[in-house]
$ cat final20.csv   # CSV, C-alpha atoms
chain,number,residue,atom,x,y,z
A,1,MET,CA,-30.5,15.5,7.4
A,2,ASP,CA,-31.4,12.2,5.7
A,3,ALA,CA,-29.7,10.2,3.0
A,4,LEU,CA,-30.7,7.3,0.8
A,5,ALA,CA,-28.4,4.4,1.7
A,6,VAL,CA,-27.9,0.7,1.1
A,7,THR,CA,-28.4,-1.3,4.3
A,8,LEU,CA,-27.7,-4.9,5.1
A,9,GLU,CA,-30.4,-6.0,7.5
A,10,GLY,CA,-28.9,-9.5,7.8
A,11,PRO,CA,-27.2,-12.1,5.6
A,12,GLU,CA,-28.6,-11.7,2.0
A,13,ARG,CA,-31.2,-9.2,3.3
A,14,LEU,CA,-30.6,-5.8,1.6
A,15,ALA,CA,-32.7,-2.7,1.7
A,16,LEU,CA,-32.4,0.8,0.2
A,17,LYS,CA,-33.9,3.3,2.6
A,18,GLN,CA,-33.6,6.8,4.0
A,19,LEU,CA,-31.4,7.1,7.0
A,20,GLU,CA,-31.0,10.0,9.4
A,21,LEU,CA,-27.4,11.3,9.4
A,22,CYS,CA,-25.6,12.4,12.6
A,23,ALA,CA,-25.1,16.2,13.0
A,24,PRO,CA,-21.8,17.3,11.4
A,25,GLU,CA,-19.0,18.7,13.5
A,26,ALA,CA,-16.8,21.7,12.8
A,27,SER,CA,-14.1,19.7,11.0
A,28,ASP,CA,-16.6,17.5,9.0
A,29,VAL,CA,-17.5,17.7,5.3
A,30,LEU,CA,-20.7,16.7,3.5
A,31,VAL,CA,-20.0,14.7,0.4
A,32,GLU,CA,-22.6,14.1,-2.4
A,33,THR,CA,-21.8,10.7,-3.7
A,34,ALA,CA,-21.5,10.2,-7.4
A,35,TYR,CA,-20.3,6.5,-7.5
A,36,SER,CA,-19.7,3.7,-5.1
A,37,GLY,CA,-18.1,0.4,-5.7
A,38,ILE,CA,-19.1,-3.1,-4.4
A,39,SER,CA,-16.2,-5.1,-3.0
A,40,GLY,CA,-16.1,-8.7,-4.1
A,41,GLY,CA,-14.0,-9.5,-1.0
A,42,THR,CA,-15.1,-8.1,2.4
A,43,GLU,CA,-18.6,-7.0,1.2
A,44,LYS,CA,-19.3,-10.5,-0.1
A,45,LEU,CA,-18.5,-11.9,3.3
A,46,LEU,CA,-20.8,-9.3,4.9
A,47,TRP,CA,-23.5,-10.3,2.4
A,48,SER,CA,-23.1,-14.0,3.0
A,49,GLY,CA,-22.8,-13.7,6.8
A,50,GLU,CA,-19.3,-15.2,6.8
A,51,MET,CA,-17.5,-12.1,7.8
A,52,PRO,CA,-15.3,-12.7,10.9
A,53,ALA,CA,-16.1,-10.7,14.0
A,54,PHE,CA,-14.8,-7.1,13.9
A,55,PRO,CA,-15.3,-4.2,16.3
A,56,GLY,CA,-18.5,-2.5,15.2
A,57,MET,CA,-19.8,-5.6,13.3
A,58,GLY,CA,-23.5,-6.2,13.4
A,59,TYR,CA,-26.8,-5.5,11.5
A,60,PRO,CA,-28.3,-3.3,10.2
A,61,LEU,CA,-25.2,-1.8,8.7
A,62,VAL,CA,-24.3,0.3,5.7
A,63,PRO,CA,-21.6,-1.5,3.6
A,64,GLY,CA,-19.0,0.0,1.3
A,65,TYR,CA,-15.7,1.8,1.5
A,66,GLU,CA,-15.2,2.9,-2.2
A,67,SER,CA,-17.1,6.1,-2.8
A,68,VAL,CA,-16.3,9.2,-4.9
A,69,GLY,CA,-18.1,12.5,-5.0
A,70,ARG,CA,-18.1,16.2,-4.4
A,71,VAL,CA,-17.9,18.1,-1.1
A,72,ILE,CA,-21.0,20.2,-1.1
A,73,ASP,CA,-20.9,21.6,2.4
A,74,ALA,CA,-18.6,21.7,5.4
A,75,GLY,CA,-18.2,22.7,9.0
A,76,SER,CA,-16.7,25.9,10.0
A,77,ASP,CA,-13.1,24.5,10.1
A,78,ALA,CA,-13.3,22.9,6.7
A,79,GLN,CA,-15.0,25.5,4.5
A,80,ASN,CA,-12.0,25.4,2.1
A,81,ARG,CA,-12.9,21.9,1.1
A,82,ILE,CA,-16.3,22.8,-0.5
A,83,GLY,CA,-16.2,21.9,-4.2
A,84,ASP,CA,-13.4,19.3,-3.9
A,85,TRP,CA,-13.8,16.0,-5.7
A,86,VAL,CA,-12.9,13.3,-3.2
A,87,PHE,CA,-12.6,9.6,-2.4
A,88,VAL,CA,-14.2,8.5,0.8
A,89,PRO,CA,-13.0,5.2,2.3
A,90,GLY,CA,-16.2,4.6,4.4
A,91,ALA,CA,-18.2,6.7,6.9
A,92,ASN,CA,-19.8,6.3,10.3
A,93,CYS,CA,-22.5,9.0,10.2
A,94,TYR,CA,-25.8,7.1,10.6
A,95,LYS,CA,-28.2,7.3,13.6
A,96,GLU,CA,-30.1,4.1,12.6
A,97,ALA,CA,-27.5,1.8,11.2
A,98,ARG,CA,-23.9,0.8,11.9
A,99,GLY,CA,-21.1,2.3,9.8
A,100,LEU,CA,-18.5,-0.5,10.0
A,101,PHE,CA,-17.7,0.5,6.4
A,102,GLY,CA,-20.6,2.9,5.7
A,103,GLY,CA,-19.8,4.3,2.2
A,104,THR,CA,-22.7,3.2,0.1
A,105,SER,CA,-24.9,6.2,0.6
A,106,GLN,CA,-26.2,9.2,-1.4
A,107,ARG,CA,-24.6,11.6,1.1
A,108,LEU,CA,-21.7,11.1,3.5
A,109,ILE,CA,-20.5,13.1,6.5
A,110,VAL,CA,-16.9,12.4,7.4
A,111,PRO,CA,-14.0,14.3,9.0
A,112,SER,CA,-12.2,16.4,6.4
A,113,GLN,CA,-9.1,14.3,6.6
A,114,ARG,CA,-11.0,11.2,5.4
A,115,ALA,CA,-12.2,13.0,2.2
A,116,LEU,CA,-9.2,12.3,0.1
A,117,PRO,CA,-8.6,14.5,-3.1
A,118,VAL,CA,-8.6,12.5,-6.3
A,119,SER,CA,-8.8,13.4,-10.0
A,120,GLU,CA,-12.4,13.9,-11.2
A,121,SER,CA,-11.1,12.8,-14.6
A,122,LEU,CA,-11.0,9.2,-13.3
A,123,GLY,CA,-14.8,9.1,-13.3
A,124,ASP,CA,-16.3,6.0,-11.7
A,125,SER,CA,-12.8,4.3,-11.9
A,126,GLY,CA,-11.9,6.6,-9.0
A,127,VAL,CA,-13.6,4.1,-6.6
A,128,LEU,CA,-10.7,1.8,-7.3
A,129,ILE,CA,-7.9,4.0,-6.0
A,130,ALA,CA,-7.9,2.6,-2.4
A,131,LEU,CA,-7.9,-1.0,-3.7
A,132,ALA,CA,-4.9,0.0,-6.0
A,133,ALA,CA,-3.2,1.5,-2.9
A,134,THR,CA,-3.9,-1.7,-1.0
A,135,ALA,CA,-2.2,-3.7,-3.8
A,136,LEU,CA,0.7,-1.2,-3.7
A,137,HIS,CA,1.0,-1.5,0.1
A,138,ALA,CA,1.4,-5.3,-0.4
A,139,ILE,CA,4.2,-4.8,-2.9
A,140,ASN,CA,5.9,-2.1,-0.9
A,141,GLY,CA,6.0,-4.5,2.1
A,142,GLY,CA,8.2,-7.2,0.4
A,143,ALA,CA,9.5,-8.5,-2.9
A,144,ALA,CA,7.4,-7.8,-6.0
A,145,PRO,CA,5.3,-10.8,-7.0
A,146,GLU,CA,6.6,-13.3,-9.6
A,147,LEU,CA,3.3,-15.3,-9.4
A,148,ILE,CA,-0.2,-13.8,-8.6
A,149,ILE,CA,-3.1,-16.1,-7.8
A,150,GLY,CA,-6.4,-14.7,-9.1
A,151,HIS,CA,-7.2,-12.4,-12.0
A,152,GLY,CA,-9.9,-10.4,-10.3
A,153,VAL,CA,-9.6,-6.7,-9.8
A,154,LEU,CA,-7.0,-7.0,-7.0
A,155,GLY,CA,-5.0,-9.5,-9.0
A,156,ARG,CA,-5.0,-7.2,-12.0
A,157,LEU,CA,-4.0,-4.2,-10.0
A,158,LEU,CA,-1.1,-6.2,-8.4
A,159,ALA,CA,0.1,-7.2,-11.9
A,160,ARG,CA,-0.2,-3.7,-13.3
A,161,LEU,CA,1.5,-2.2,-10.3
A,162,THR,CA,4.3,-4.7,-10.4
A,163,ILE,CA,5.1,-3.5,-14.0
A,164,ALA,CA,4.5,0.2,-13.1
A,165,THR,CA,7.0,0.0,-10.3
A,166,GLY,CA,9.7,-1.4,-12.6
A,167,ALA,CA,9.7,-5.1,-11.6
A,168,PRO,CA,9.5,-7.9,-14.2
A,169,ALA,CA,6.1,-8.8,-15.4
A,170,PRO,CA,4.5,-11.5,-13.2
A,171,THR,CA,2.6,-14.7,-14.2
A,172,VAL,CA,-1.0,-14.8,-13.1
A,173,TRP,CA,-3.1,-17.9,-12.4
A,174,GLU,CA,-6.8,-17.9,-13.0
A,175,THR,CA,-9.1,-20.9,-12.9
A,176,GLN,CA,-12.0,-19.3,-14.7
A,177,ALA,CA,-11.4,-19.1,-18.5
A,178,SER,CA,-13.6,-16.0,-18.9
A,179,ARG,CA,-11.3,-14.1,-16.5
A,180,ARG,CA,-8.1,-14.8,-18.3
A,181,ASP,CA,-8.6,-11.9,-20.7
A,182,GLY,CA,-7.6,-8.3,-20.1
A,183,ALA,CA,-3.9,-8.8,-19.3
A,184,GLN,CA,-1.7,-5.7,-19.8
A,185,GLY,CA,1.9,-6.8,-20.4
A,186,TYR,CA,1.8,-10.0,-18.3
A,187,THR,CA,0.7,-13.6,-18.9
A,188,VAL,CA,-2.5,-15.2,-17.4
A,189,VAL,CA,-2.7,-19.0,-17.4
A,190,ALA,CA,-4.7,-21.9,-15.8
A,191,PRO,CA,-2.7,-23.3,-12.8
A,192,ASP,CA,-2.2,-26.6,-14.6
A,193,GLN,CA,-0.5,-24.9,-17.5
A,194,ASP,CA,2.3,-23.7,-15.3
A,195,GLN,CA,4.9,-26.3,-14.1
A,196,ARG,CA,7.3,-23.8,-12.5
A,197,THR,CA,8.3,-24.7,-8.9
A,198,ASP,CA,10.9,-22.0,-8.1
A,199,TYR,CA,8.9,-18.8,-7.5
A,200,ALA,CA,10.6,-16.6,-5.0
A,201,SER,CA,7.5,-14.5,-4.4
A,202,ILE,CA,3.9,-15.6,-4.7
A,203,TYR,CA,0.9,-13.3,-3.9
A,204,ASP,CA,-2.5,-14.8,-3.3
A,205,ALA,CA,-5.3,-12.5,-4.3
A,206,SER,CA,-8.0,-15.2,-4.3
A,207,GLY,CA,-9.0,-15.3,-0.7
A,208,ASP,CA,-9.0,-19.1,-0.9
A,209,ALA,CA,-7.7,-20.5,2.4
A,210,ASP,CA,-7.2,-24.0,0.9
A,211,LEU,CA,-4.5,-23.0,-1.5
A,212,ILE,CA,-1.5,-22.6,0.8
A,213,ASP,CA,-0.2,-26.2,0.5
A,214,ALA,CA,-0.3,-26.0,-3.3
A,215,LEU,CA,1.5,-22.7,-3.3
A,216,ILE,CA,4.2,-23.9,-0.9
A,217,ARG,CA,5.0,-26.6,-3.5
A,218,ARG,CA,5.7,-23.9,-6.1
A,219,LEU,CA,8.2,-21.9,-3.9
A,220,ALA,CA,11.9,-21.7,-4.3
A,221,LYS,CA,13.9,-22.4,-1.2
A,222,GLY,CA,13.4,-19.4,1.1
A,223,GLY,CA,10.5,-18.1,-1.0
A,224,GLU,CA,7.6,-16.0,0.4
A,225,ILE,CA,3.9,-16.2,0.1
A,226,THR,CA,2.0,-12.9,0.6
A,227,LEU,CA,-1.6,-13.3,1.6
A,228,ALA,CA,-3.1,-10.3,-0.1
A,229,GLY,CA,-6.7,-11.5,-0.1
A,230,PHE,CA,-9.2,-11.6,2.8
A,231,TYR,CA,-10.0,-15.0,4.3
A,232,SER,CA,-13.1,-16.2,6.2
A,233,LYS,CA,-11.7,-19.6,6.9
A,234,ARG,CA,-9.0,-20.6,9.3
A,235,LEU,CA,-5.6,-20.9,7.5
A,236,GLY,CA,-3.4,-23.9,7.8
A,237,PHE,CA,-0.7,-25.9,6.0
A,238,ASP,CA,1.4,-29.0,6.2
A,239,PHE,CA,4.6,-28.3,8.1
A,240,ALA,CA,7.0,-30.7,6.4
A,241,PRO,CA,6.9,-29.2,2.9
A,242,ALA,CA,7.0,-25.6,4.3
A,243,PHE,CA,10.0,-26.7,6.5
A,244,MET,CA,11.9,-28.1,3.5
A,245,ALA,CA,11.2,-25.0,1.5
A,246,GLU,CA,12.1,-22.7,4.4
A,247,ALA,CA,8.9,-20.9,3.3
A,248,ARG,CA,7.8,-17.5,4.6
A,249,LEU,CA,4.3,-16.2,5.0
A,250,ARG,CA,3.4,-12.5,5.0
A,251,ILE,CA,0.1,-10.8,5.5
A,252,ALA,CA,-0.6,-7.5,3.7
A,253,ALA,CA,-3.3,-5.3,5.3
A,254,GLU,CA,-5.0,-2.1,4.1
A,255,TRP,CA,-3.3,0.8,2.5
A,256,GLN,CA,-1.6,3.7,4.3
A,257,PRO,CA,-1.6,7.4,3.3
A,258,GLN,CA,1.8,7.1,1.7
A,259,ASP,CA,0.5,4.2,-0.5
A,260,LEU,CA,-2.4,6.3,-1.6
A,261,ALA,CA,-0.2,9.2,-2.5
A,262,GLN,CA,2.2,7.0,-4.4
A,263,THR,CA,-0.7,5.4,-6.3
A,264,SER,CA,-2.1,8.8,-7.2
A,265,ALA,CA,1.3,9.8,-8.5
A,266,LEU,CA,1.5,6.7,-10.7
A,267,ILE,CA,-1.9,7.4,-12.1
A,268,GLU,CA,-1.2,11.0,-12.8
A,269,ALA,CA,2.1,10.1,-14.5
A,270,GLY,CA,0.3,7.6,-16.8
A,271,THR,CA,2.3,4.7,-15.4
A,272,LEU,CA,-0.7,3.0,-13.9
A,273,ASN,CA,-4.1,3.0,-15.6
A,274,LEU,CA,-7.4,1.8,-14.2
A,275,SER,CA,-9.1,1.1,-17.5
A,276,GLY,CA,-11.0,-2.1,-18.1
A,277,LEU,CA,-11.5,-2.9,-14.4
A,278,VAL,CA,-15.1,-1.7,-14.0
A,279,SER,CA,-17.3,-4.2,-15.8
A,280,ASP,CA,-20.8,-3.3,-14.6
A,281,ARG,CA,-22.7,-0.2,-13.7
A,282,GLN,CA,-26.2,0.1,-12.2
A,283,PRO,CA,-28.2,3.0,-10.8
A,284,ALA,CA,-28.2,3.0,-7.0
A,285,GLU,CA,-31.9,2.3,-7.0
A,286,SER,CA,-31.1,-1.1,-8.5
A,287,ALA,CA,-28.9,-2.2,-5.6
A,288,ALA,CA,-31.1,-5.1,-4.8
A,289,THR,CA,-30.2,-6.8,-8.1
A,290,ALA,CA,-26.7,-5.3,-8.3
A,291,TYR,CA,-25.4,-6.9,-5.2
A,292,PRO,CA,-26.3,-10.6,-6.0
A,293,ARG,CA,-24.8,-10.1,-9.5
A,294,ALA,CA,-21.6,-8.6,-8.1
A,295,PHE,CA,-21.1,-11.6,-5.9
A,296,GLY,CA,-22.6,-14.4,-8.0
A,297,ASP,CA,-21.7,-13.7,-11.6
A,298,PRO,CA,-18.1,-14.6,-12.6
A,299,ASP,CA,-18.3,-12.2,-15.5
A,300,CYS,CA,-18.9,-9.3,-13.2
A,301,LEU,CA,-15.4,-8.0,-12.4
A,302,LYS,CA,-16.4,-4.8,-10.6
A,303,MET,CA,-19.9,-3.4,-10.0
A,304,ILE,CA,-20.4,0.3,-9.6
A,305,LEU,CA,-23.5,2.0,-8.2
A,306,ASP,CA,-24.4,5.4,-9.8
A,307,TRP,CA,-25.9,7.7,-7.3
A,308,ARG,CA,-26.2,10.8,-9.6
A,309,GLY,CA,-29.9,10.3,-10.5
A,310,CYS,CA,-31.1,9.8,-6.9
A,311,ALA,CA,-33.8,12.2,-5.8

$ encode --input "final20.csv" --output "structure tokens"
Amino acid sequence: MDALAVTLEGPERLALKQLELCAPEASDVLVETAYSGISGGTEKLLWSGEMPAFPGMGYPLVPGYESVGRVIDAGSDAQNRIGDWVFVPGANCYKEARGLFGGTSQRLIVPSQRALPVSESLGDSGVLIALAATALHAINGGAAPELIIGHGVLGRLLARLTIATGAPAPTVWETQASRRDGAQGYTVVAPDQDQRTDYASIYDASGDADLIDALIRRLAKGGEITLAGFYSKRLGFDFAPAFMAEARLRIAAEWQPQDLAQTSALIEAGTLNLSGLVSDRQPAESAATAYPRAFGDPDCLKMILDWRGCA
């Protein structure tokens, strides 16, 4: 079986081509992808060639870990999944390309347990559910944020989830004026408009490794900085200011199944909404122009590829 897939042949070298899929096993499902999202964090680093070394890293590879679609076939042990609308957090089902992430493809073969049921009513916003679960995983691991750095999709989800989980509304810093719109119950300001220096909990969603010293200066004594972004540069900071603040640093990694279940429950209850986060939609055949726009246009908050019209 073949599937049309986005492949990165090398830094800034993208192709859309038919790839042969591996044979499914008894517990696997075949998903017909409807939508996939382009990540402005890890995928941008893959695109630029700045991604730190990971097991399975190399080119050519199929990027992406934010896909939603329908199970259209299944192995003998997973026949009950046929017809399910699911989220797929990546796949490794290609004979001719690496599947380090592997979700940006017309069809995906994955173990049944990796095809996670989600509400079809979310439409293309369903691709955001894992990023929302990642944001919730960060919040669940420590104190809720009082200050969030960056008003991209992750920063917005962190802010919305802070409120959805009952914590006070945070302040969000954003350096780009065009990205300060879209707040839902919280305040977004330029960093120089905020003089506060007693934040107990700061979350960085920018991925900027050069910000730590500036953030330490904004901490209350014993405060914590949570690194919620993904960093290509080596992190460092001046010790003396961190020592005087008794600063703490925490790293938040990817979501766990319980985070996804909690996120789904918040969405179903109407406490968390994903509206206004998808800014751009392109047919999958336009991937060659969609990827540079997703990474280079500050007005592009989230780019979605639509696979429904692919032959």

$ closest_residue --input "final20.csv" --among "A:Gly150, A:Ser112, A:Arg196, A:Val62" --to "Asn80 in chain A" --atoms "all atoms listed in the file"
A:Ser112

$ closest_residue --input "final20.csv" --among "A:Leu8, A:Val153, A:Leu16, A:Leu277" --to "Ser48 in chain A" --atoms "all atoms listed in the file"
A:Leu8

$ atom_distance --input "final20.csv" --atom1 "CA of Asp73 in chain A" --atom2 "CA of Leu30 in chain A"
5.0 Å

$ atom_distance --input "final20.csv" --atom1 "CA of Leu100 in chain A" --atom2 "CA of Glu12 in chain A"
17.1 Å

$ residues_around --input "final20.csv" --residues "range 286-294 of chain A" --least-positions-apart "5" --cutoff "12 Å" --atoms "all atoms listed in the file" --output "ChimeraX atom specification"
/A:4-8,11-17,36-41,43-44,46-48,63-64,104-105,278-281,299-307,309-310

$ atom_distance --input "final20.csv" --atom1 "CA of Pro145 in chain A" --atom2 "CA of Thr42 in chain A"
22.6 Å

$ closest_residue --input "final20.csv" --among "A:Phe239, A:Gly155, A:Glu146, A:Asn92" --to "Pro170 in chain A" --atoms "all atoms listed in the file"
A:Glu146

$ closest_residue --input "final20.csv" --among "A:Tyr231, A:Tyr35, A:Trp85, A:Tyr59" --to "Asp210 in chain A" --atoms "all atoms listed in the file"
A:Tyr231

$ closest_residue --input "final20.csv" --among "A:Cys93, A:Ala164, A:Met244, A:Ala143" --to "Ala269 in chain A" --atoms "only C-alpha atoms"
A:Ala164

$ residues_around --input "final20.csv" --residues "Met57 in chain A" --least-positions-apart "6" --cutoff "12 Å" --atoms "all atoms listed in the file" --output "list in words"
Leu8, Gly10, Leu45, Leu46, Gly49, Glu50, Met51, Pro63, Ala97, Arg98, Gly99, Leu100, Phe101 and Gly102 of chain A

$ write_last_selection --input "final20.csv" --atoms "C-alpha atoms" --output "compact mmCIF listing (two decimals), keeping the file's coordinate frame"
# COMPACT_ATOMS: atom_id res chain seq x y z
CA LEU A 8 -27.70 -4.90 5.10
CA GLY A 10 -28.90 -9.50 7.80
CA LEU A 45 -18.50 -11.90 3.30
CA LEU A 46 -20.80 -9.30 4.90
CA GLY A 49 -22.80 -13.70 6.80
CA GLU A 50 -19.30 -15.20 6.80
CA MET A 51 -17.50 -12.10 7.80
CA PRO A 63 -21.60 -1.50 3.60
CA ALA A 97 -27.50 1.80 11.20
CA ARG A 98 -23.90 0.80 11.90
CA GLY A 99 -21.10 2.30 9.80
CA LEU A 100 -18.50 -0.50 10.00
CA PHE A 101 -17.70 0.50 6.40
CA GLY A 102 -20.60 2.90 5.70

$ closest_residue --input "final20.csv" --among "A:Asp204, A:Asp2, A:Leu249, A:Leu19" --to "Ala135 in chain A" --atoms "all atoms listed in the file"
A:Asp204

$ residues_around --input "final20.csv" --residues "Ile251 in chain A" --least-positions-apart "5" --cutoff "9 Å" --atoms "only C-alpha atoms" --output "PyMOL selection string"
chain A and resi 138+225-229

$ residues_around --input "final20.csv" --residues "Ser67 in chain A" --least-positions-apart "2" --cutoff "9 Å" --atoms "all atoms listed in the file" --output "list of chain:residue names"
A:Thr33, A:Ala34, A:Tyr35, A:Ser36, A:Gly37, A:Gly64, A:Tyr65, A:Gly69, A:Val86, A:Phe87, A:Val88, A:Pro89, A:Gly90, A:Gly103, A:Thr104, A:Ser105, A:Asp124, A:Gly126, A:Val127, A:Leu128

$ residues_around --input "final20.csv" --residues "Ile148 in chain A" --least-positions-apart "6" --cutoff "8 Å" --atoms "all atoms listed in the file" --output "ChimeraX atom specification"
/A:155,158-159,170-173,202-205

$ build_atoms --input "final20.csv" --residues "range 291-306 of chain A" --atoms "N, CA and C atoms" --output "mmCIF file, keeping the file's coordinate frame"
data_model
loop_
_atom_site.group_PDB
_atom_site.id
_atom_site.type_symbol
_atom_site.label_atom_id
_atom_site.label_comp_id
_atom_site.auth_asym_id
_atom_site.auth_seq_id
_atom_site.Cartn_x
_atom_site.Cartn_y
_atom_site.Cartn_z
ATOM 1 N N TYR A 291 -26.176 -6.211 -6.117
ATOM 2 C CA TYR A 291 -25.400 -6.900 -5.200
ATOM 3 C C TYR A 291 -25.272 -8.431 -5.459
ATOM 4 N N PRO A 292 -26.386 -9.134 -5.671
ATOM 5 C CA PRO A 292 -26.300 -10.600 -6.000
ATOM 6 C C PRO A 292 -25.469 -10.784 -7.294
ATOM 7 N N ARG A 293 -25.614 -9.901 -8.277
ATOM 8 C CA ARG A 293 -24.800 -10.100 -9.500
ATOM 9 C C ARG A 293 -23.342 -9.849 -9.229
ATOM 10 N N ALA A 294 -23.015 -8.850 -8.426
ATOM 11 C CA ALA A 294 -21.600 -8.600 -8.100
ATOM 12 C C ALA A 294 -20.929 -9.773 -7.468
ATOM 13 N N PHE A 295 -21.680 -10.523 -6.665
ATOM 14 C CA PHE A 295 -21.100 -11.600 -5.900
ATOM 15 C C PHE A 295 -21.268 -12.982 -6.593
ATOM 16 N N GLY A 296 -22.244 -13.106 -7.473
ATOM 17 C CA GLY A 296 -22.600 -14.400 -8.000
ATOM 18 C C GLY A 296 -22.244 -14.633 -9.473
ATOM 19 N N ASP A 297 -21.943 -13.559 -10.214
ATOM 20 C CA ASP A 297 -21.700 -13.700 -11.600
ATOM 21 C C ASP A 297 -20.185 -13.582 -11.898
ATOM 22 N N PRO A 298 -19.536 -14.661 -12.344
ATOM 23 C CA PRO A 298 -18.100 -14.600 -12.600
ATOM 24 C C PRO A 298 -17.670 -13.615 -13.633
ATOM 25 N N ASP A 299 -18.607 -13.219 -14.505
ATOM 26 C CA ASP A 299 -18.300 -12.200 -15.500
ATOM 27 C C ASP A 299 -18.329 -10.807 -15.003
ATOM 28 N N CYS A 300 -18.819 -10.622 -13.783
ATOM 29 C CA CYS A 300 -18.900 -9.300 -13.200
ATOM 30 C C CYS A 300 -17.562 -9.064 -12.429
ATOM 31 N N LEU A 301 -16.700 -8.280 -13.024
ATOM 32 C CA LEU A 301 -15.400 -8.000 -12.400
ATOM 33 C C LEU A 301 -15.515 -6.965 -11.319
ATOM 34 N N LYS A 302 -16.204 -5.864 -11.614
ATOM 35 C CA LYS A 302 -16.400 -4.800 -10.600
ATOM 36 C C LYS A 302 -17.733 -4.125 -10.898
ATOM 37 N N MET A 303 -18.582 -4.064 -9.883
ATOM 38 C CA MET A 303 -19.900 -3.400 -10.000
ATOM 39 C C MET A 303 -19.834 -2.036 -9.361
ATOM 40 N N ILE A 304 -20.364 -1.055 -10.106
ATOM 41 C CA ILE A 304 -20.400 0.300 -9.600
ATOM 42 C C ILE A 304 -21.911 0.717 -9.478
ATOM 43 N N LEU A 305 -22.226 1.372 -8.377
ATOM 44 C CA LEU A 305 -23.500 2.000 -8.200
ATOM 45 C C LEU A 305 -23.426 3.470 -8.529
ATOM 46 N N ASP A 306 -24.338 3.957 -9.360
ATOM 47 C CA ASP A 306 -24.400 5.400 -9.800
ATOM 48 C C ASP A 306 -25.447 6.080 -8.993
#
